[in-house]
>>> print(open('work22.cif').read())   # mmCIF, C-alpha atoms and all ligand atoms
data_run
loop_
_atom_site.label_atom_id
_atom_site.label_comp_id
_atom_site.auth_asym_id
_atom_site.auth_seq_id
_atom_site.Cartn_x
_atom_site.Cartn_y
_atom_site.Cartn_z
CA MET G 1 42.01 8.83 6.80
CA ASN G 2 39.37 6.30 7.68
CA LYS G 3 36.07 7.90 6.74
CA GLU G 4 33.22 7.13 9.09
CA SER G 5 30.33 5.52 7.28
CA ILE G 6 27.07 7.40 6.73
CA PHE G 7 24.75 4.81 8.19
CA ARG G 8 24.89 3.62 11.74
CA ASN G 9 21.90 1.30 11.49
CA LYS G 10 20.32 1.31 8.06
CA ASP G 11 17.73 -1.26 9.14
CA ALA G 12 16.02 1.49 11.10
CA LEU G 13 14.80 2.80 7.75
CA SER G 14 13.48 -0.53 6.51
CA ILE G 15 9.88 -1.72 6.74
CA LYS G 16 10.80 -4.52 9.13
CA TYR G 17 11.96 -2.13 11.84
CA SER G 18 9.62 -1.37 14.73
CA PRO G 19 10.33 2.07 16.12
CA GLU G 20 10.69 2.57 19.87
CA LYS G 21 8.23 5.40 19.82
CA ILE G 22 5.10 5.87 17.74
CA TYR G 23 4.42 9.55 17.10
CA HIS G 24 1.05 11.30 16.79
CA ARG G 25 -1.07 8.21 16.99
CA ASP G 26 -2.16 8.27 20.64
CA GLU G 27 -5.77 8.71 19.65
CA GLN G 28 -5.75 5.63 17.41
CA ILE G 29 -3.74 3.56 19.89
CA ASN G 30 -6.18 4.41 22.66
CA ALA G 31 -9.22 3.78 20.49
CA LEU G 32 -8.05 0.33 19.44
CA SER G 33 -6.98 -0.60 22.98
CA ARG G 34 -10.35 0.47 24.31
CA ILE G 35 -12.21 -1.56 21.70
CA LEU G 36 -10.23 -4.71 22.48
CA ALA G 37 -10.28 -4.24 26.25
CA PRO G 38 -13.44 -6.33 26.90
CA MET G 39 -11.30 -9.40 26.15
CA LEU G 40 -9.51 -8.79 29.44
CA ARG G 41 -12.86 -9.38 31.15
CA ASN G 42 -13.59 -12.35 28.92
CA GLU G 43 -16.20 -10.47 26.93
CA LYS G 44 -16.48 -10.28 23.18
CA PRO G 45 -15.21 -7.01 21.68
CA SER G 46 -16.65 -5.33 18.59
CA ASN G 47 -15.15 -5.90 15.17
CA VAL G 48 -13.07 -3.00 13.91
CA PHE G 49 -12.44 -1.54 10.52
CA ILE G 50 -9.28 0.53 10.22
CA TYR G 51 -8.90 2.87 7.32
CA GLY G 52 -6.27 5.37 6.15
CA LEU G 53 -4.08 6.09 3.15
CA THR G 54 -0.86 4.22 2.62
CA GLY G 55 1.97 4.91 5.09
CA THR G 56 -0.24 6.38 7.82
CA GLY G 57 0.82 3.86 10.47
CA LYS G 58 -2.10 1.41 10.39
CA THR G 59 -0.04 -1.78 10.43
CA LEU G 60 2.42 -0.32 12.92
CA VAL G 61 -0.27 0.74 15.39
CA THR G 62 -2.29 -2.45 15.08
CA THR G 63 0.76 -4.63 15.63
CA TYR G 64 1.81 -2.48 18.57
CA VAL G 65 -1.58 -2.64 20.29
CA THR G 66 -2.14 -6.37 19.72
CA THR G 67 1.40 -7.20 20.87
CA ASN G 68 0.89 -5.18 24.03
CA LEU G 69 -2.37 -6.97 24.60
CA GLU G 70 -0.70 -10.35 24.14
CA ASN G 71 2.06 -9.46 26.58
CA PHE G 72 -0.43 -8.26 29.14
CA THR G 73 -2.57 -11.38 28.86
CA ILE G 74 0.42 -13.69 29.17
CA LYS G 75 1.35 -11.95 32.41
CA HIS G 76 -2.17 -12.17 33.78
CA ASN G 77 -2.97 -15.64 32.56
CA ILE G 78 -5.78 -14.58 30.27
CA PRO G 79 -6.22 -16.84 27.23
CA LEU G 80 -5.70 -14.77 24.08
CA LYS G 81 -4.48 -15.50 20.59
CA VAL G 82 -3.85 -12.95 17.83
CA LEU G 83 -3.88 -14.29 14.27
CA PHE G 84 -2.28 -11.76 11.94
CA VAL G 85 -2.57 -12.14 8.17
CA ASN G 86 -1.27 -9.83 5.50
CA CYS G 87 -3.77 -10.59 2.75
CA LYS G 88 -1.41 -9.38 0.02
CA MET G 89 0.93 -12.22 0.84
CA LYS G 90 1.00 -14.87 -1.85
CA LYS G 91 0.27 -18.48 -0.92
CA VAL G 92 -1.40 -17.35 2.29
CA ALA G 93 -4.49 -15.46 1.30
CA ASP G 94 -4.99 -16.00 -2.39
CA THR G 95 -7.76 -18.55 -1.94
CA GLU G 96 -10.36 -19.16 0.75
CA TYR G 97 -8.85 -22.60 1.30
CA ARG G 98 -5.33 -21.31 1.79
CA LEU G 99 -6.36 -18.62 4.23
CA LEU G 100 -8.32 -21.07 6.34
CA ALA G 101 -5.46 -23.55 6.26
CA TYR G 102 -3.04 -20.80 7.30
CA LEU G 103 -5.22 -19.58 10.17
CA SER G 104 -5.77 -23.15 11.33
CA SER G 105 -2.03 -23.74 11.32
CA LEU G 106 -1.55 -20.67 13.54
CA LEU G 107 -3.93 -22.36 15.96
CA GLY G 108 -1.92 -25.57 15.78
CA GLU G 109 -4.38 -27.46 13.60
CA GLY G 110 -2.75 -29.03 10.53
CA VAL G 111 -4.73 -28.85 7.31
CA PRO G 112 -3.26 -30.35 4.10
CA ALA G 113 -2.25 -27.75 1.52
CA THR G 114 -4.95 -28.93 -0.89
CA GLY G 115 -7.53 -31.62 -1.32
CA LEU G 116 -10.19 -31.18 1.36
CA PRO G 117 -13.68 -29.92 0.53
CA THR G 118 -14.18 -26.30 1.64
CA ASP G 119 -16.81 -27.30 4.20
CA GLU G 120 -14.32 -29.58 5.84
CA VAL G 121 -11.65 -26.86 6.01
CA TYR G 122 -14.18 -24.57 7.67
CA ARG G 123 -15.14 -27.31 10.08
CA ARG G 124 -11.52 -27.85 11.08
CA PHE G 125 -10.88 -24.15 11.55
CA TYR G 126 -14.02 -23.88 13.64
CA SER G 127 -13.05 -26.77 15.84
CA ALA G 128 -9.49 -25.41 16.18
CA LEU G 129 -11.05 -22.17 17.45
CA GLU G 130 -13.25 -24.03 19.89
CA ASN G 131 -10.34 -26.07 21.13
CA ILE G 132 -8.24 -23.04 21.82
CA GLY G 133 -11.18 -21.19 23.41
CA GLY G 134 -10.76 -17.89 25.25
CA ASN G 135 -10.16 -14.78 23.16
CA VAL G 136 -9.15 -14.77 19.51
CA VAL G 137 -8.46 -11.73 17.34
CA ILE G 138 -8.10 -12.18 13.59
CA VAL G 139 -6.30 -9.27 11.93
CA LEU G 140 -6.86 -9.09 8.18
CA ASP G 141 -4.36 -6.51 6.99
CA GLU G 142 -4.89 -5.27 3.41
CA ILE G 143 -8.35 -6.79 3.53
CA ASP G 144 -9.22 -5.17 0.19
CA ALA G 145 -6.76 -7.54 -1.51
CA LEU G 146 -8.54 -10.50 0.08
CA VAL G 147 -11.96 -9.39 -1.14
CA LYS G 148 -10.60 -8.78 -4.62
CA LYS G 149 -9.08 -12.27 -4.73
CA VAL G 150 -11.73 -14.40 -3.08
CA GLY G 151 -14.92 -12.33 -2.93
CA ASP G 152 -16.90 -11.51 0.19
CA GLU G 153 -18.35 -14.87 1.11
CA LEU G 154 -15.44 -15.66 3.37
CA LEU G 155 -15.98 -12.43 5.28
CA TYR G 156 -19.63 -13.24 5.53
CA ASN G 157 -18.77 -16.61 7.06
CA PHE G 158 -16.27 -15.00 9.43
CA THR G 159 -18.65 -12.34 10.66
CA ARG G 160 -21.32 -15.01 11.19
CA MET G 161 -18.79 -17.10 13.06
CA CYS G 162 -18.02 -14.16 15.36
CA GLU G 163 -21.69 -14.02 16.29
CA THR G 164 -22.41 -17.70 16.68
CA ILE G 165 -19.30 -19.42 17.99
CA LYS G 166 -19.59 -20.48 21.62
CA ASP G 167 -16.91 -20.32 24.29
CA VAL G 168 -14.71 -18.09 22.14
CA ASN G 169 -14.64 -14.30 22.04
CA LEU G 170 -13.81 -13.95 18.38
CA SER G 171 -13.31 -10.57 16.78
CA LEU G 172 -12.08 -9.24 13.48
CA ILE G 173 -9.84 -6.32 12.66
CA GLY G 174 -9.93 -5.37 8.98
CA ILE G 175 -7.33 -2.90 7.70
CA SER G 176 -7.33 -1.15 4.34
CA ASN G 177 -5.99 1.84 2.44
CA ASP G 178 -8.59 1.46 -0.26
CA LEU G 179 -12.28 1.90 0.39
CA SER G 180 -13.50 0.93 -3.06
CA PHE G 181 -13.82 -2.74 -2.12
CA MET G 182 -16.50 -1.84 0.43
CA GLU G 183 -18.97 -1.23 -2.39
CA TYR G 184 -18.95 -4.90 -3.23
CA LEU G 185 -19.54 -6.09 0.28
CA ASP G 186 -22.81 -7.56 1.36
CA ALA G 187 -24.57 -4.96 3.54
CA ARG G 188 -24.56 -7.27 6.58
CA VAL G 189 -20.85 -7.96 6.24
CA LYS G 190 -20.16 -4.26 5.90
CA SER G 191 -22.03 -3.33 9.03
CA SER G 192 -20.63 -6.22 11.03
CA LEU G 193 -17.04 -5.54 10.01
CA SER G 194 -17.34 -1.85 10.81
CA GLU G 195 -19.07 -2.06 14.16
CA GLU G 196 -16.25 0.25 15.12
CA GLU G 197 -14.13 2.34 12.79
CA ILE G 198 -10.79 3.99 13.30
CA ILE G 199 -9.51 6.51 10.78
CA PHE G 200 -5.82 7.20 10.25
CA PRO G 201 -5.46 10.69 8.77
CA PRO G 202 -2.38 11.55 6.68
CA TYR G 203 0.57 12.98 8.59
CA ASN G 204 1.29 16.65 8.14
CA TYR G 205 4.70 18.27 7.72
CA GLU G 206 5.36 18.77 11.44
CA GLN G 207 4.34 15.22 12.30
CA LEU G 208 6.51 13.74 9.56
CA LYS G 209 9.42 15.79 10.86
CA ASP G 210 9.04 14.23 14.32
CA ILE G 211 8.95 10.73 12.85
CA LEU G 212 11.93 11.36 10.58
CA PHE G 213 14.20 13.11 13.07
CA ASP G 214 13.69 10.31 15.52
CA ARG G 215 14.46 7.65 12.94
CA ALA G 216 17.43 9.53 11.47
CA MET G 217 19.06 9.56 14.92
CA VAL G 218 19.05 5.78 14.94
CA ALA G 219 19.88 5.27 11.28
CA PHE G 220 22.70 7.75 10.62
CA ASN G 221 26.02 8.36 12.31
CA PRO G 222 26.24 11.72 14.09
CA GLY G 223 26.80 14.62 11.71
CA LYS G 224 26.18 12.48 8.65
CA ILE G 225 22.89 14.06 7.63
CA ASP G 226 21.90 17.73 7.35
CA GLU G 227 18.83 18.89 9.19
CA ALA G 228 17.75 20.58 5.97
CA ALA G 229 17.80 17.21 4.21
CA ILE G 230 15.48 15.69 6.80
CA THR G 231 13.02 18.58 6.69
CA LYS G 232 13.03 18.37 2.93
CA CYS G 233 11.99 14.70 3.11
CA ALA G 234 9.17 15.67 5.44
CA ALA G 235 8.07 18.46 3.12
CA LEU G 236 8.06 16.23 0.05
CA ALA G 237 6.11 13.46 1.76
CA ALA G 238 3.63 15.95 3.24
CA GLN G 239 3.06 17.41 -0.21
CA GLU G 240 2.19 14.03 -1.56
CA HIS G 241 -0.21 12.56 0.98
CA GLY G 242 1.53 12.37 4.30
CA ASP G 243 3.00 8.94 3.68
CA ALA G 244 5.59 8.07 6.36
CA ARG G 245 6.82 5.06 4.41
CA ARG G 246 7.70 7.21 1.44
CA ALA G 247 9.45 9.70 3.68
CA LEU G 248 11.56 6.93 5.22
CA ASP G 249 12.31 5.47 1.80
CA LEU G 250 13.52 8.87 0.62
CA LEU G 251 15.84 9.09 3.59
CA ARG G 252 17.25 5.62 3.01
CA ILE G 253 17.80 6.07 -0.72
CA ALA G 254 19.36 9.50 -0.21
CA GLY G 255 21.81 7.90 2.23
CA GLU G 256 22.61 5.15 -0.24
CA ILE G 257 23.24 7.66 -3.01
CA ALA G 258 25.54 9.75 -0.80
CA GLU G 259 27.38 6.60 0.22
CA ARG G 260 27.81 5.43 -3.34
CA ASN G 261 29.09 8.84 -4.44
CA GLY G 262 31.59 8.81 -1.60
CA ASP G 263 30.09 12.04 -0.22
CA GLU G 264 30.84 13.11 3.33
CA ARG G 265 27.23 13.63 4.44
CA VAL G 266 23.64 13.55 3.22
CA VAL G 267 22.43 16.96 2.01
CA GLU G 268 19.30 18.27 0.24
CA LYS G 269 20.69 17.43 -3.18
CA HIS G 270 20.67 13.74 -2.26
CA ILE G 271 17.00 13.97 -1.33
CA ASP G 272 16.21 15.37 -4.78
CA LEU G 273 18.09 12.52 -6.40
CA ALA G 274 16.31 10.01 -4.16
CA GLU G 275 12.95 11.44 -5.13
CA GLU G 276 13.80 11.12 -8.78
CA LYS G 277 14.82 7.51 -8.29
CA LEU G 278 11.65 6.68 -6.37
CA ASP G 279 9.52 8.30 -9.06
CA LEU G 280 11.31 6.43 -11.77
CA ASP G 281 10.87 3.10 -9.95
CA ARG G 282 7.21 3.73 -9.35
CA MET G 283 6.45 4.92 -12.88
CA SER G 284 8.52 2.19 -14.43
CA GLU G 285 6.57 -0.43 -12.49
CA ALA G 286 3.24 1.21 -13.36
CA ALA G 287 4.21 1.17 -17.05
CA ARG G 288 5.48 -2.39 -16.92
CA VAL G 289 2.16 -3.86 -15.79
CA LEU G 290 -0.02 -1.97 -18.30
CA PRO G 291 -2.03 -3.96 -20.85
CA LYS G 292 -0.57 -3.91 -24.34
CA HIS G 293 -2.77 -1.22 -25.86
CA SER G 294 -2.24 1.08 -22.92
CA LYS G 295 1.48 0.62 -23.45
CA ILE G 296 1.10 1.54 -27.11
CA VAL G 297 -0.93 4.64 -26.25
CA LEU G 298 1.58 5.69 -23.59
CA TYR G 299 4.45 5.08 -25.96
CA THR G 300 2.71 7.20 -28.62
CA VAL G 301 2.10 10.06 -26.21
CA LEU G 302 5.63 10.01 -24.82
CA CYS G 303 7.10 9.99 -28.33
CA LEU G 304 5.00 12.96 -29.36
CA LEU G 305 5.89 14.82 -26.18
CA ARG G 306 9.57 14.48 -26.92
CA ASN G 307 9.55 17.62 -29.03
CA ARG G 308 6.45 19.48 -27.97
CA ASP G 309 4.95 20.60 -24.66
CA LYS G 310 1.45 19.29 -25.22
CA VAL G 311 -0.65 17.11 -27.49
CA LEU G 312 -4.39 16.86 -27.99
CA THR G 313 -6.28 13.56 -28.06
CA GLY G 314 -6.90 14.05 -31.77
CA ASP G 315 -3.16 14.28 -32.49
CA ILE G 316 -2.52 10.83 -31.16
CA GLN G 317 -4.70 8.71 -33.40
CA LYS G 318 -2.57 8.74 -36.54
CA TYR G 319 0.71 7.97 -34.85
CA TYR G 320 -0.96 5.36 -32.66
CA GLU G 321 -2.38 3.58 -35.71
CA HIS G 322 1.00 3.68 -37.33
CA ILE G 323 2.58 1.94 -34.32
CA CYS G 324 -0.22 -0.64 -34.25
CA GLU G 325 0.46 -1.39 -37.87
CA GLN G 326 4.15 -1.78 -37.15
CA LEU G 327 3.27 -4.24 -34.39
CA GLY G 328 0.64 -6.04 -36.44
CA VAL G 329 -2.20 -5.39 -33.95
CA ARG G 330 -5.65 -3.95 -34.59
CA PRO G 331 -6.00 -0.37 -33.36
CA LEU G 332 -8.68 0.50 -30.82
CA THR G 333 -11.38 3.08 -31.42
CA GLN G 334 -10.89 6.74 -30.56
CA ARG G 335 -13.28 6.30 -27.67
CA ARG G 336 -11.26 3.52 -26.09
CA ILE G 337 -8.09 5.54 -26.56
CA SER G 338 -9.76 8.38 -24.66
CA ASP G 339 -10.54 5.99 -21.81
CA ILE G 340 -6.96 4.76 -21.75
CA ILE G 341 -5.68 8.33 -21.62
CA ALA G 342 -7.89 9.00 -18.62
CA GLU G 343 -6.52 5.84 -16.93
CA LEU G 344 -2.90 6.83 -17.62
CA ASP G 345 -3.67 10.23 -16.13
CA MET G 346 -5.08 8.63 -12.99
CA GLN G 347 -1.89 6.63 -12.57
CA GLY G 348 0.17 9.79 -12.89
CA LEU G 349 1.97 8.57 -16.00
CA ILE G 350 0.74 11.61 -17.94
CA ASN G 351 -1.25 14.76 -17.21
CA ALA G 352 -4.48 15.03 -19.15
CA SER G 353 -6.92 17.86 -18.64
CA VAL G 354 -10.23 18.22 -20.42
CA ILE G 355 -10.52 21.43 -22.38
CA SER G 356 -13.51 22.80 -24.19
CA LYS G 357 -13.20 23.47 -27.90
CA GLY G 358 -16.36 25.54 -28.15
CA ARG G 359 -18.90 24.02 -30.49
CA TYR G 360 -16.44 21.34 -31.52
CA GLY G 361 -16.97 19.69 -28.17
CA ARG G 362 -14.32 18.70 -25.66
CA THR G 363 -10.90 17.22 -26.01
CA ARG G 364 -8.04 16.34 -23.70
CA GLU G 365 -4.83 18.25 -23.55
CA ILE G 366 -1.96 16.02 -22.57
CA THR G 367 1.28 17.18 -21.00
CA LEU G 368 4.22 15.42 -19.43
CA SER G 369 4.00 14.51 -15.76
CA LEU G 370 7.43 12.91 -15.59
CA SER G 371 10.82 14.51 -15.23
CA LYS G 372 12.91 14.59 -18.38
CA ALA G 373 15.17 11.79 -17.20
CA THR G 374 12.26 9.56 -16.20
CA HIS G 375 10.52 10.31 -19.49
CA ASP G 376 13.49 9.10 -21.50
CA LYS G 377 13.89 5.96 -19.42
CA ILE G 378 10.22 4.97 -19.59
CA LEU G 379 10.18 5.57 -23.32
CA LEU G 380 13.15 3.26 -23.75
CA GLN G 381 11.57 0.67 -21.48
CA LEU G 382 8.31 0.69 -23.49
CA LYS G 383 10.23 0.43 -26.74
CA GLN G 384 11.90 -2.71 -25.46
CA GLU G 385 8.77 -4.21 -23.94
CA LEU G 386 6.79 -3.64 -27.12
CA ASP G 387 9.67 -4.91 -29.20
CA LEU G 388 9.72 -1.83 -31.40
N1 LIG S 401 3.53 7.41 13.95
C1 LIG S 401 4.63 6.83 13.53
N2 LIG S 401 5.77 6.90 14.25
C2 LIG S 401 6.87 6.28 13.80
N3 LIG S 401 6.96 5.59 12.67
C3 LIG S 401 5.86 5.51 11.88
C4 LIG S 401 4.66 6.11 12.30
N4 LIG S 401 3.71 5.86 11.36
C5 LIG S 401 4.29 5.13 10.42
N5 LIG S 401 5.60 4.91 10.71
C6 LIG S 401 6.53 4.15 9.89
O1 LIG S 401 6.15 4.35 8.53
C7 LIG S 401 6.12 3.14 7.78
C8 LIG S 401 4.74 2.87 7.27
O2 LIG S 401 3.82 2.59 8.33
P1 LIG S 401 2.74 1.41 8.21
O3 LIG S 401 3.35 0.23 7.55
O4 LIG S 401 2.14 1.20 9.54
O5 LIG S 401 1.71 2.09 7.21
P2 LIG S 401 0.26 1.57 6.74
O6 LIG S 401 -0.72 2.60 7.14
O7 LIG S 401 0.05 0.18 7.22
O8 LIG S 401 0.42 1.62 5.15
P3 LIG S 401 -0.23 0.63 4.03
O9 LIG S 401 -1.66 1.04 3.88
O10 LIG S 401 0.56 0.96 2.81
O11 LIG S 401 -0.05 -0.77 4.50
C9 LIG S 401 6.65 2.07 8.73
O12 LIG S 401 8.02 1.91 8.50
C10 LIG S 401 6.42 2.66 10.11
O13 LIG S 401 7.39 2.19 11.02
MG MG S 402 -0.03 -1.65 6.23
#
>>> encode(input="work22.cif", output="structure tokens")
Amino acid sequence: MNKESIFRNKDALSIKYSPEKIYHRDEQINALSRILAPMLRNEKPSNVFIYGLTGTGKTLVTTYVTTNLENFTIKHNIPLKVLFVNCKMKKVADTEYRLLAYLSSLLGEGVPATGLPTDEVYRRFYSALENIGGNVVIVLDEIDALVKKVGDELLYNFTRMCETIKDVNLSLIGISNDLSFMEYLDARVKSSLSEEEIIFPPYNYEQLKDILFDRAMVAFNPGKIDEAAITKCAALAAQEHGDARRALDLLRIAGEIAERNGDERVVEKHIDLAEEKLDLDRMSEAARVLPKHSKIVLYTVLCLLRNRDKVLTGDIQKYYEHICEQLGVRPLTQRRISDIIAELDMQGLINASVISKGRYGRTREITLSLSKATHDKILLQLKQELDL
């Protein structure tokens, strides 16, 4: 018998896919459209700062609204250009020079990849803007990454440019899932960038269900996924922080696992397996990029937790020093180790809770935050990376 495949259109679960319908974001779509509307009357709109946790639809909604705007303006002969930059992208936004060169190229102004003085690159970008005229929107997605890489001077120059440039209605849309970078911004830049703010709250269980059911219809062949499996994905993602991307990833991976196992349809069990795989991938990546001493501390903790449920900060020192000796590196002080433990806790690699030991002060009690299978795999990975 020729078994029908599980997926009908797996791409519908990938990040490149733009869904036909955007659920539960009418408020944000309307807000952004309203803010940009003055462009249709040839007036300068406010700058906008868009904030929300990862997977809350910020990029999707912004792309949707700006694309609609572009289509409308083409039809009505209104001059408008949207320059979209994902600031996490390498070679595009890792230096001020590169970003300006990239934006200029989107405006049709060639700038050599290197070699010009910064002033000159600014001048060319400025004149490219003036040449194009009309309305220009610059979208800086993942703007926190830009500030981390190149500082805030560029944003200062951009916000100034918005105010001073003639014959162009220039406005900025900054998008971020991390507010910590705001602390470093010059007060004027901060207030200029967030003339308007739009918040994207996390999706709840019901909202995630709507998004997932809709997408599953496109992605899977009829009867190839249980309703219970889809609701489980929604529940897991809602528990975490309402991240639609994670929910869609779970669905995709569950389908792949079912397919690989030769199973007839996707059921709840596949969602559990998918979650485990996602956790392992995430934790393994988090462990891989740790600095050496953090790796040694994590390795120590995971070794100790192999045959007990919990360890105290004080228990770690001796074993940690022993590993350092084996590796020929100088051990860090107890205080630094405490800091590292707090960092590992923040990343979810371990659980550490502060407990009071009466007059002996406070200590941290560390327990495992990983599943058994993930624990074993990370331990093995660290052993190899540390060459132990
Ligand atoms: N309301 C929605 N309706 C349908 N699909 C959605 C909705 N919100 C998000 N998605 C889907 O979820 C995924 C994540 O959305 P998006 O990339 O817009 O998140 P984000 O807020 O930009 O996250 P990040 O901060 O990590 O960049 C995408 O695949 C998107 O298509
Ligand atoms: Mg995004």
>>> residues_near_ligand(input="work22.cif", ligand="ligand LIG 401 (chain S)", cutoff="9 Å", atoms="all atoms listed in the file", output="ChimeraX atom specification")
/G:12-26,51-63,141-142,175-178,200,203,207-208,210-212,214-215,243-249
>>> atom_distance(input="work22.cif", atom1="CA of Thr367 (chain G)", atom2="CA of Ile337 (chain G)")
15.9 Å
>>> residues_near_point(input="work22.cif", point="(-4.2, -12.9, 15.6)", cutoff="7 Å", atoms="all atoms listed in the file", output="VMD selection string")
chain G and resid 81 to 84 136 to 139
>>> closest_residue(input="work22.cif", among="G:Asp167, G:Glu385, G:Glu275, G:Asp186", to="Ala287 (chain G)", atoms="all atoms listed in the file")
G:Glu385
>>> closest_residue(input="work22.cif", among="G:Leu179, G:Val289, G:Gln317, G:Asn47", to="Phe158 (chain G)", atoms="all atoms listed in the file")
G:Asn47
>>> residues_around(input="work22.cif", residues="Glu268 (chain G)", least_positions_apart="4", cutoff="7 Å", atoms="all atoms listed in the file", output="PyMOL selection string")
chain G and resi 228-229+232+272
>>> atom_distance(input="work22.cif", atom1="CA of Gly134 (chain G)", atom2="CA of Arg160 (chain G)")
17.8 Å
>>> atom_distance(input="work22.cif", atom1="CA of Lys295 (chain G)", atom2="CA of Leu368 (chain G)")
15.6 Å
>>> residues_around(input="work22.cif", residues="Ile323 (chain G)", least_positions_apart="5", cutoff="9 Å", atoms="only C-alpha atoms", output="PDB file with C-alpha atoms, in the coordinates of the input")
ATOM      1  CA  ILE G 296       1.100   1.540 -27.110  1.00  0.00           C
ATOM      2  CA  THR G 300       2.710   7.200 -28.620  1.00  0.00           C
ATOM      3  CA  LYS G 318      -2.570   8.740 -36.540  1.00  0.00           C
ATOM      4  CA  GLY G 328       0.640  -6.040 -36.440  1.00  0.00           C
ATOM      5  CA  VAL G 329      -2.200  -5.390 -33.950  1.00  0.00           C
ATOM      6  CA  PRO G 331      -6.000  -0.370 -33.360  1.00  0.00           C
ATOM      7  CA  LEU G 388       9.720  -1.830 -31.400  1.00  0.00           C
TER       8      LEU G 388
END
>>> closest_residue(input="work22.cif", among="G:Leu273, G:Leu251, G:Ile316, G:Ile132", to="Val168 (chain G)", atoms="all atoms listed in the file")
G:Ile132
>>> closest_residue(input="work22.cif", among="G:Ile74, G:Leu36, G:Ile143, G:Leu106", to="ligand MG 402 (chain S)", atoms="only C-alpha atoms and all ligand atoms")
G:Ile143
>>> closest_residue(input="work22.cif", among="G:Ile6, G:Leu304, G:Leu140, G:Leu327", to="ligand MG 402 (chain S)", atoms="only C-alpha atoms and all ligand atoms")
G:Leu140
>>> residues_around(input="work22.cif", residues="Ala258 (chain G)", least_positions_apart="3", cutoff="12 Å", atoms="only C-alpha atoms", output="count of residues only")
27
>>> axis_aligned_box(input="work22.cif", around="region 80-86 of chain G", padding_each_side="4 Å", output="JSON")
{"center_x": -3.5, "center_y": -12.7, "center_z": 14.8, "size_x": 12.4, "size_y": 13.7, "size_z": 26.6}
>>> decode(input="work22.cif", residues="region 109-153 of chain G", atoms="C-alpha atoms", output="PDB file, in the first residue's frame")
ATOM      1  CA  GLU G 109      23.559  54.210  -4.641  1.00  0.00           C
ATOM      2  CA  GLY G 110      26.707  52.088  -4.931  1.00  0.00           C
ATOM      3  CA  VAL G 111      29.206  52.416  -2.103  1.00  0.00           C
ATOM      4  CA  PRO G 112      32.434  50.353  -2.190  1.00  0.00           C
ATOM      5  CA  ALA G 113      32.565  47.591   0.416  1.00  0.00           C
ATOM      6  CA  THR G 114      35.423  49.300   2.253  1.00  0.00           C
ATOM      7  CA  GLY G 115      37.771  52.212   1.966  1.00  0.00           C
ATOM      8  CA  LEU G 116      35.762  55.430   2.214  1.00  0.00           C
ATOM      9  CA  PRO G 117      35.926  57.655   5.284  1.00  0.00           C
ATOM     10  CA  THR G 118      32.776  57.353   7.430  1.00  0.00           C
ATOM     11  CA  ASP G 119      31.789  60.955   6.746  1.00  0.00           C
ATOM     12  CA  GLU G 120      31.791  60.242   3.059  1.00  0.00           C
ATOM     13  CA  VAL G 121      29.606  57.145   3.460  1.00  0.00           C
ATOM     14  CA  TYR G 122      27.124  59.232   5.438  1.00  0.00           C
ATOM     15  CA  ARG G 123      27.218  61.919   2.798  1.00  0.00           C
ATOM     16  CA  ARG G 124      26.444  59.412   0.060  1.00  0.00           C
ATOM     17  CA  PHE G 125      23.607  57.854   2.006  1.00  0.00           C
ATOM     18  CA  TYR G 126      22.192  61.291   2.698  1.00  0.00           C
ATOM     19  CA  SER G 127      22.337  62.301  -0.925  1.00  0.00           C
ATOM     20  CA  ALA G 128      20.818  58.959  -1.993  1.00  0.00           C
ATOM     21  CA  LEU G 129      17.910  59.742   0.349  1.00  0.00           C
ATOM     22  CA  GLU G 130      17.532  63.222  -1.078  1.00  0.00           C
ATOM     23  CA  ASN G 131      17.634  61.903  -4.608  1.00  0.00           C
ATOM     24  CA  ILE G 132      14.910  59.402  -3.975  1.00  0.00           C
ATOM     25  CA  GLY G 133      12.817  61.955  -2.046  1.00  0.00           C
ATOM     26  CA  GLY G 134       9.240  61.259  -0.980  1.00  0.00           C
ATOM     27  CA  ASN G 135       8.706  58.890   1.937  1.00  0.00           C
ATOM     28  CA  VAL G 136      11.323  56.543   3.337  1.00  0.00           C
ATOM     29  CA  VAL G 137      10.884  54.074   6.203  1.00  0.00           C
ATOM     30  CA  ILE G 138      13.945  52.399   7.681  1.00  0.00           C
ATOM     31  CA  VAL G 139      13.092  49.241   9.613  1.00  0.00           C
ATOM     32  CA  LEU G 140      15.836  48.140  11.991  1.00  0.00           C
ATOM     33  CA  ASP G 141      14.777  44.676  13.103  1.00  0.00           C
ATOM     34  CA  GLU G 142      16.694  43.267  16.091  1.00  0.00           C
ATOM     35  CA  ILE G 143      17.969  46.769  16.750  1.00  0.00           C
ATOM     36  CA  ASP G 144      19.501  45.630  20.059  1.00  0.00           C
ATOM     37  CA  ALA G 145      22.064  43.617  18.081  1.00  0.00           C
ATOM     38  CA  LEU G 146      22.999  46.743  16.139  1.00  0.00           C
ATOM     39  CA  VAL G 147      23.545  48.812  19.278  1.00  0.00           C
ATOM     40  CA  LYS G 148      25.611  46.034  20.822  1.00  0.00           C
ATOM     41  CA  LYS G 149      27.819  45.832  17.736  1.00  0.00           C
ATOM     42  CA  VAL G 150      28.261  49.462  16.766  1.00  0.00           C
ATOM     43  CA  GLY G 151      27.119  51.570  19.724  1.00  0.00           C
ATOM     44  CA  ASP G 152      24.454  54.251  19.654  1.00  0.00           C
ATOM     45  CA  GLU G 153      26.122  56.966  17.623  1.00  0.00           C
TER      46      GLU G 153
END
